[in-house]
Amino acid sequence: MNIAVVFFIIFFLFKIDSNKYISFIIISILFINVGFLYEIISARTIPLTLLLMLISFYLLKNNNTGFIFFFILGGLCLIRFDMYPFVSILLIQLFLYSKKCINKYVLVTILLMMCWPVYSFINFDSVFLTENSLLFKQSLPVVDVLYFNYPYINNIYQLLELIFERTFIISVFLIAFIMVINIRNDKSDKEKLSSIYCNSIALSLFFISLTGYTDVRYYSIAGVFFIRHFLCYIFPPFNKKKLATFFLISASVLLILLSLARVYKNFNSNQYAANTNFLKCISKGELTLVISKNKNEGRLLSSKLSALYGVKTIMEPTNLSSSNVQDFIKRYNIKNIYYLNDKPTWLNNSDVYLETSCNSLYQVN
C-alpha cells in the first residue's frame with residue numbers, strides 16, 4: 001500500500017505546482033530522507049498522512065472546500081494523533097483567512113475527530129488515551145529537538161544518517177523562521193494558503209516536541225511544505241532548473257550509498273542467523289513475545305517474523321515489568337519469549353522460563 005501511496009505523492013506534487021523543477025527538488029529531498037524511507041518500508045502512516053495533506057492542499061488551492069476536503073481533514077485525525085493539533089489550527093486559520101473556506105461540511109471533520117476520544121472514553125475512561133498523550137501530560141515535558149548526544153558511529157550508514165538527520169531538523173526550523181518573517185509580504189491568495197498550511201504544521205510540531213518524539217521522520221511532512229513554500233515564494237529568482245538537476249544527482253548518489261551501506265550492514269549482522277536459528281526452536285502456532293532494549297527494533301522484528309516467516313508474534317508493551325509479566329503471559333497464552341539485546345530483569349533468576357538451544361530464546365515452563 002505504501003508503494004502505491006508514494007506514486008500518488010509524486011503525482012500530486014506535480015499537480016500542485018506547474019513548475020516541474022520545484023517538484024523534482026522536493027521529491028529528491030524527500031527520498032534522501034532516511035526517516036521517510038523507513039516509514040515506507042515499515043508500512044507506517046506518515047506517507048499516507050503526507051498524501052492526504054497534499055490532496056487537501058490541492059483541493060483548497062483550487063477552491064474546492066467541499067465534502068471531500070473536510071472528510072480528508074477528519075480522516076487525518078484517525079490516522080495520526082499529531083494531526084489533531086494540525087487540523088484544529090488549520091481550521092482556525094482558514095476561518096480567519098476567509099469565512100467562505102468553512103462551510104457546513106466542517107461537521108464531517110468534527111464528527112471524525114470525535115471518533116477516537118469517544119471510543120477512548122468508553123473503553124479506557126480517558127478522553128484521549130495514547131502513549132503520546134501520557135508523555136505530553138508529564139510535569140516536565142521533554143524538549144530536546146536541538147540537543148544531540150555524542151554520536152555513536154559504527155559504519156557509513158550511521159554517518160550518513162547522522163549528517164542528514166541533524167542538518168534536516170535544523171534546516172526545517174530555519175526555513176520556518178524565514179517563512180514567518182516573510183508572511184507579512186504575502187501578495188497572492190495561493191501564497192497565503194501555503195503560509196497557512198506551513199504555519200499549522202510548524203505549530204503542530206511544537207506539540208510533537210513536547211512528547212519527546214523528535215525523530216527526523218516527524219519532520220518529513222514539514223520539510224515538503226516548507227521547502228515548497230521556500231522555493232515558490234521566498235526565493236523565486238533561483239535558477240530552479242540547475243538547482244533541480246543538482247538535487248536529483250545528489251539524491252541519486254546518496255540513495256545508492258545508503259542502499260549499499262544498508263546491504264553491507266545487513267550482511268554483517270548476526271540478526272539473520274539468529275532469526276534462522278530461532279525458527280527451528282519454536283512450534284508452529286505458538287505465540288512468541290518479542291522484546292528489545294530498542295522498542296522500534298523489537299517491533300520491526302516482530303512484524304518481520306509474522307509477515308515473512310508466518311510466526312505468531314506479539315510486540316512488547318511499553319509498561320511490561322516483573323510485576324505484571326506473569327499476568328500478561330497467562331492472558332495471551334504466550335509460549336516463547338525472544339529478546340534481541342540485554343536480557344530483561346524479569347527473566348533473570350526465574351524458574352518459570354526455560355532457555356532453549358536458540359540464543360536469546362526462552363520458553364514458558
# chains A, B, ... in the order shown; residues from 1 in each chain; ligands from 1
$ residues_around --residues "range 351-362 of chain A" --least-positions-apart "2" --cutoff "9 Å" --atoms "only C-alpha atoms" --output "list in words"
Ala274, Asn277, Phe278, Lys280, Cys281, Lys335, Asn336, Ile337, Tyr338, Tyr339, Leu340, Asn341, Asp342, Lys343, Leu347, Asn348, Asn349, Val364 and Asn365 of chain A
$ select_by_dssp --residues "range 267-359 of chain A" --states "strand (DSSP E or B)" --output "ChimeraX atom specification"
/A:288-291,313-315,336-339,353-355
$ write_last_selection --atoms "C-alpha atoms" --output "mmCIF file, in the first residue's frame"
data_model
loop_
_atom_site.group_PDB
_atom_site.id
_atom_site.type_symbol
_atom_site.label_atom_id
_atom_site.label_comp_id
_atom_site.auth_asym_id
_atom_site.auth_seq_id
_atom_site.Cartn_x
_atom_site.Cartn_y
_atom_site.Cartn_z
ATOM 1 C CA THR A 288 6.051 -15.519 20.783
ATOM 2 C CA LEU A 289 6.694 -12.276 22.678
ATOM 3 C CA VAL A 290 9.458 -10.229 21.023
ATOM 4 C CA ILE A 291 11.306 -7.778 23.281
ATOM 5 C CA THR A 313 4.202 -12.831 17.448
ATOM 6 C CA ILE A 314 3.176 -10.131 19.872
ATOM 7 C CA MET A 315 5.078 -6.892 20.466
ATOM 8 C CA ASN A 336 8.009 -18.169 23.871
ATOM 9 C CA ILE A 337 9.954 -15.047 24.817
ATOM 10 C CA TYR A 338 12.618 -13.766 22.430
ATOM 11 C CA TYR A 339 14.906 -10.862 23.275
ATOM 12 C CA TYR A 353 11.158 -19.743 31.829
ATOM 13 C CA LEU A 354 13.378 -22.370 30.224
ATOM 14 C CA GLU A 355 16.190 -21.215 27.962
#
$ atom_distance --atom1 "CA of Leu231 in chain A" --atom2 "CA of Gly75 in chain A"
29.0 Å
$ residues_around --residues "Leu255 in chain A" --least-positions-apart "4" --cutoff "8 Å" --atoms "only C-alpha atoms" --output "short mmCIF file (atom, residue, chain, number, x, y, z; two decimals) with N, CA, C and O atoms, in the first residue's frame"
data_model
loop_
_atom_site.label_atom_id
_atom_site.label_comp_id
_atom_site.auth_asym_id
_atom_site.auth_seq_id
_atom_site.Cartn_x
_atom_site.Cartn_y
_atom_site.Cartn_z
N PHE A 31 13.17 11.83 -0.75
CA PHE A 31 13.62 10.43 -0.85
C PHE A 31 15.08 10.22 -0.46
O PHE A 31 15.60 9.12 -0.59
N ILE A 32 15.75 11.27 0.00
CA ILE A 32 17.03 11.03 0.67
C ILE A 32 16.85 11.20 2.18
O ILE A 32 17.80 11.18 2.94
N ALA A 251 20.68 13.36 -4.80
CA ALA A 251 19.77 12.39 -4.20
C ALA A 251 20.07 10.98 -4.72
O ALA A 251 20.07 10.02 -3.95
N SER A 259 21.85 2.70 0.18
CA SER A 259 21.44 1.32 -0.12
C SER A 259 22.60 0.35 0.05
O SER A 259 22.44 -0.71 0.65
#
$ residues_around --residues "range 70-72 of chain A" --least-positions-apart "2" --cutoff "8 Å" --atoms "only C-alpha atoms" --output "list in words"
Leu52, Met53, Ser56, Thr65, Gly66, Phe67, Ile68, Gly74, Gly75, Leu76, Tyr105, Val106, Val108, Thr109 and Leu112 of chain A
$ write_last_selection --atoms "all heavy atoms" --output "short mmCIF file (atom, residue, chain, number, x, y, z; two decimals), in the first residue's frame"
data_model
loop_
_atom_site.label_atom_id
_atom_site.label_comp_id
_atom_site.auth_asym_id
_atom_site.auth_seq_id
_atom_site.Cartn_x
_atom_site.Cartn_y
_atom_site.Cartn_z
N LEU A 52 -2.52 12.58 1.98
CA LEU A 52 -3.81 13.21 2.26
C LEU A 52 -3.67 14.71 2.47
O LEU A 52 -4.54 15.49 2.08
CB LEU A 52 -4.46 12.55 3.48
CG LEU A 52 -4.89 11.10 3.30
CD1 LEU A 52 -5.53 10.56 4.57
CD2 LEU A 52 -5.86 10.96 2.13
N MET A 53 -2.56 15.14 3.08
CA MET A 53 -2.33 16.57 3.26
C MET A 53 -2.09 17.26 1.92
O MET A 53 -2.55 18.38 1.69
CB MET A 53 -1.15 16.80 4.21
CG MET A 53 -1.49 16.48 5.66
SD MET A 53 -0.08 16.67 6.78
CE MET A 53 0.13 18.45 6.75
N SER A 56 -5.52 17.52 0.23
CA SER A 56 -6.33 18.59 0.85
C SER A 56 -5.81 19.97 0.44
O SER A 56 -6.59 20.88 0.18
CB SER A 56 -6.33 18.44 2.37
OG SER A 56 -5.04 18.67 2.91
N THR A 65 -13.46 23.37 -1.41
CA THR A 65 -13.57 23.01 0.01
C THR A 65 -14.94 22.40 0.28
O THR A 65 -15.74 22.95 1.03
CB THR A 65 -13.34 24.24 0.91
OG1 THR A 65 -14.26 25.27 0.51
CG2 THR A 65 -11.93 24.74 0.79
N GLY A 66 -15.19 21.27 -0.35
CA GLY A 66 -16.46 20.58 -0.17
C GLY A 66 -16.34 19.41 0.77
O GLY A 66 -15.47 19.36 1.65
N PHE A 67 -17.19 18.42 0.58
CA PHE A 67 -17.25 17.26 1.47
C PHE A 67 -15.92 16.52 1.52
O PHE A 67 -15.43 16.15 2.59
CB PHE A 67 -18.37 16.32 0.99
CG PHE A 67 -18.42 15.02 1.74
CD1 PHE A 67 -19.07 14.94 2.97
CD2 PHE A 67 -17.79 13.89 1.24
CE1 PHE A 67 -19.12 13.74 3.67
CE2 PHE A 67 -17.82 12.69 1.93
CZ PHE A 67 -18.50 12.62 3.14
N ILE A 68 -15.31 16.29 0.34
CA ILE A 68 -14.06 15.52 0.29
C ILE A 68 -12.96 16.20 1.08
O ILE A 68 -12.20 15.54 1.82
CB ILE A 68 -13.62 15.31 -1.18
CG1 ILE A 68 -14.65 14.47 -1.92
CG2 ILE A 68 -12.25 14.63 -1.24
CD1 ILE A 68 -14.35 14.28 -3.39
N GLY A 74 -10.72 15.22 8.57
CA GLY A 74 -11.16 14.36 9.67
C GLY A 74 -10.45 13.03 9.65
O GLY A 74 -10.07 12.49 10.69
N GLY A 75 -10.25 12.49 8.44
CA GLY A 75 -9.56 11.21 8.30
C GLY A 75 -8.13 11.27 8.80
O GLY A 75 -7.60 10.29 9.34
N LEU A 76 -7.48 12.42 8.61
CA LEU A 76 -6.11 12.59 9.10
C LEU A 76 -6.03 12.34 10.61
O LEU A 76 -5.06 11.76 11.10
CB LEU A 76 -5.60 14.00 8.78
CG LEU A 76 -5.19 14.26 7.33
CD1 LEU A 76 -4.98 15.75 7.09
CD2 LEU A 76 -3.92 13.50 6.99
N TYR A 105 -19.88 21.45 5.73
CA TYR A 105 -19.18 20.17 5.73
C TYR A 105 -18.11 20.07 6.81
O TYR A 105 -17.54 19.00 7.01
CB TYR A 105 -18.56 19.91 4.36
CG TYR A 105 -19.59 19.69 3.27
CD1 TYR A 105 -19.69 20.57 2.21
CD2 TYR A 105 -20.45 18.59 3.32
CE1 TYR A 105 -20.65 20.38 1.21
CE2 TYR A 105 -21.41 18.39 2.34
CZ TYR A 105 -21.49 19.28 1.28
OH TYR A 105 -22.44 19.08 0.31
N VAL A 106 -17.83 21.19 7.50
CA VAL A 106 -16.86 21.12 8.59
C VAL A 106 -17.35 20.17 9.69
O VAL A 106 -16.56 19.65 10.47
CB VAL A 106 -16.61 22.54 9.16
CG1 VAL A 106 -17.81 23.02 9.99
CG2 VAL A 106 -15.34 22.56 10.01
N VAL A 108 -18.39 17.25 9.21
CA VAL A 108 -17.81 15.93 8.90
C VAL A 108 -16.46 15.78 9.59
O VAL A 108 -16.16 14.74 10.19
CB VAL A 108 -17.65 15.76 7.37
CG1 VAL A 108 -16.97 14.43 7.05
CG2 VAL A 108 -19.00 15.86 6.68
N THR A 109 -15.64 16.84 9.51
CA THR A 109 -14.34 16.83 10.19
C THR A 109 -14.51 16.66 11.69
O THR A 109 -13.82 15.85 12.32
CB THR A 109 -13.57 18.14 9.90
OG1 THR A 109 -13.41 18.29 8.49
CG2 THR A 109 -12.20 18.12 10.56
N LEU A 112 -15.57 13.08 12.66
CA LEU A 112 -14.46 12.13 12.57
C LEU A 112 -13.42 12.37 13.67
O LEU A 112 -12.83 11.41 14.19
CB LEU A 112 -13.80 12.24 11.19
CG LEU A 112 -14.63 11.69 10.02
CD1 LEU A 112 -13.97 12.00 8.69
CD2 LEU A 112 -14.85 10.19 10.16
#
$ closest_residue --among "A:Met114, A:Leu279, A:Leu59, A:Cys198" --to "Phe86 in chain A" --atoms "only C-alpha atoms"
A:Cys198
$ closest_residue --among "A:Leu73, A:Ile27, A:Gln93, A:Val263" --to "Ile110 in chain A" --atoms "only C-alpha atoms"
A:Leu73
$ atom_distance --atom1 "CA of Ile201 in chain A" --atom2 "CA of Leu258 in chain A"
28.4 Å
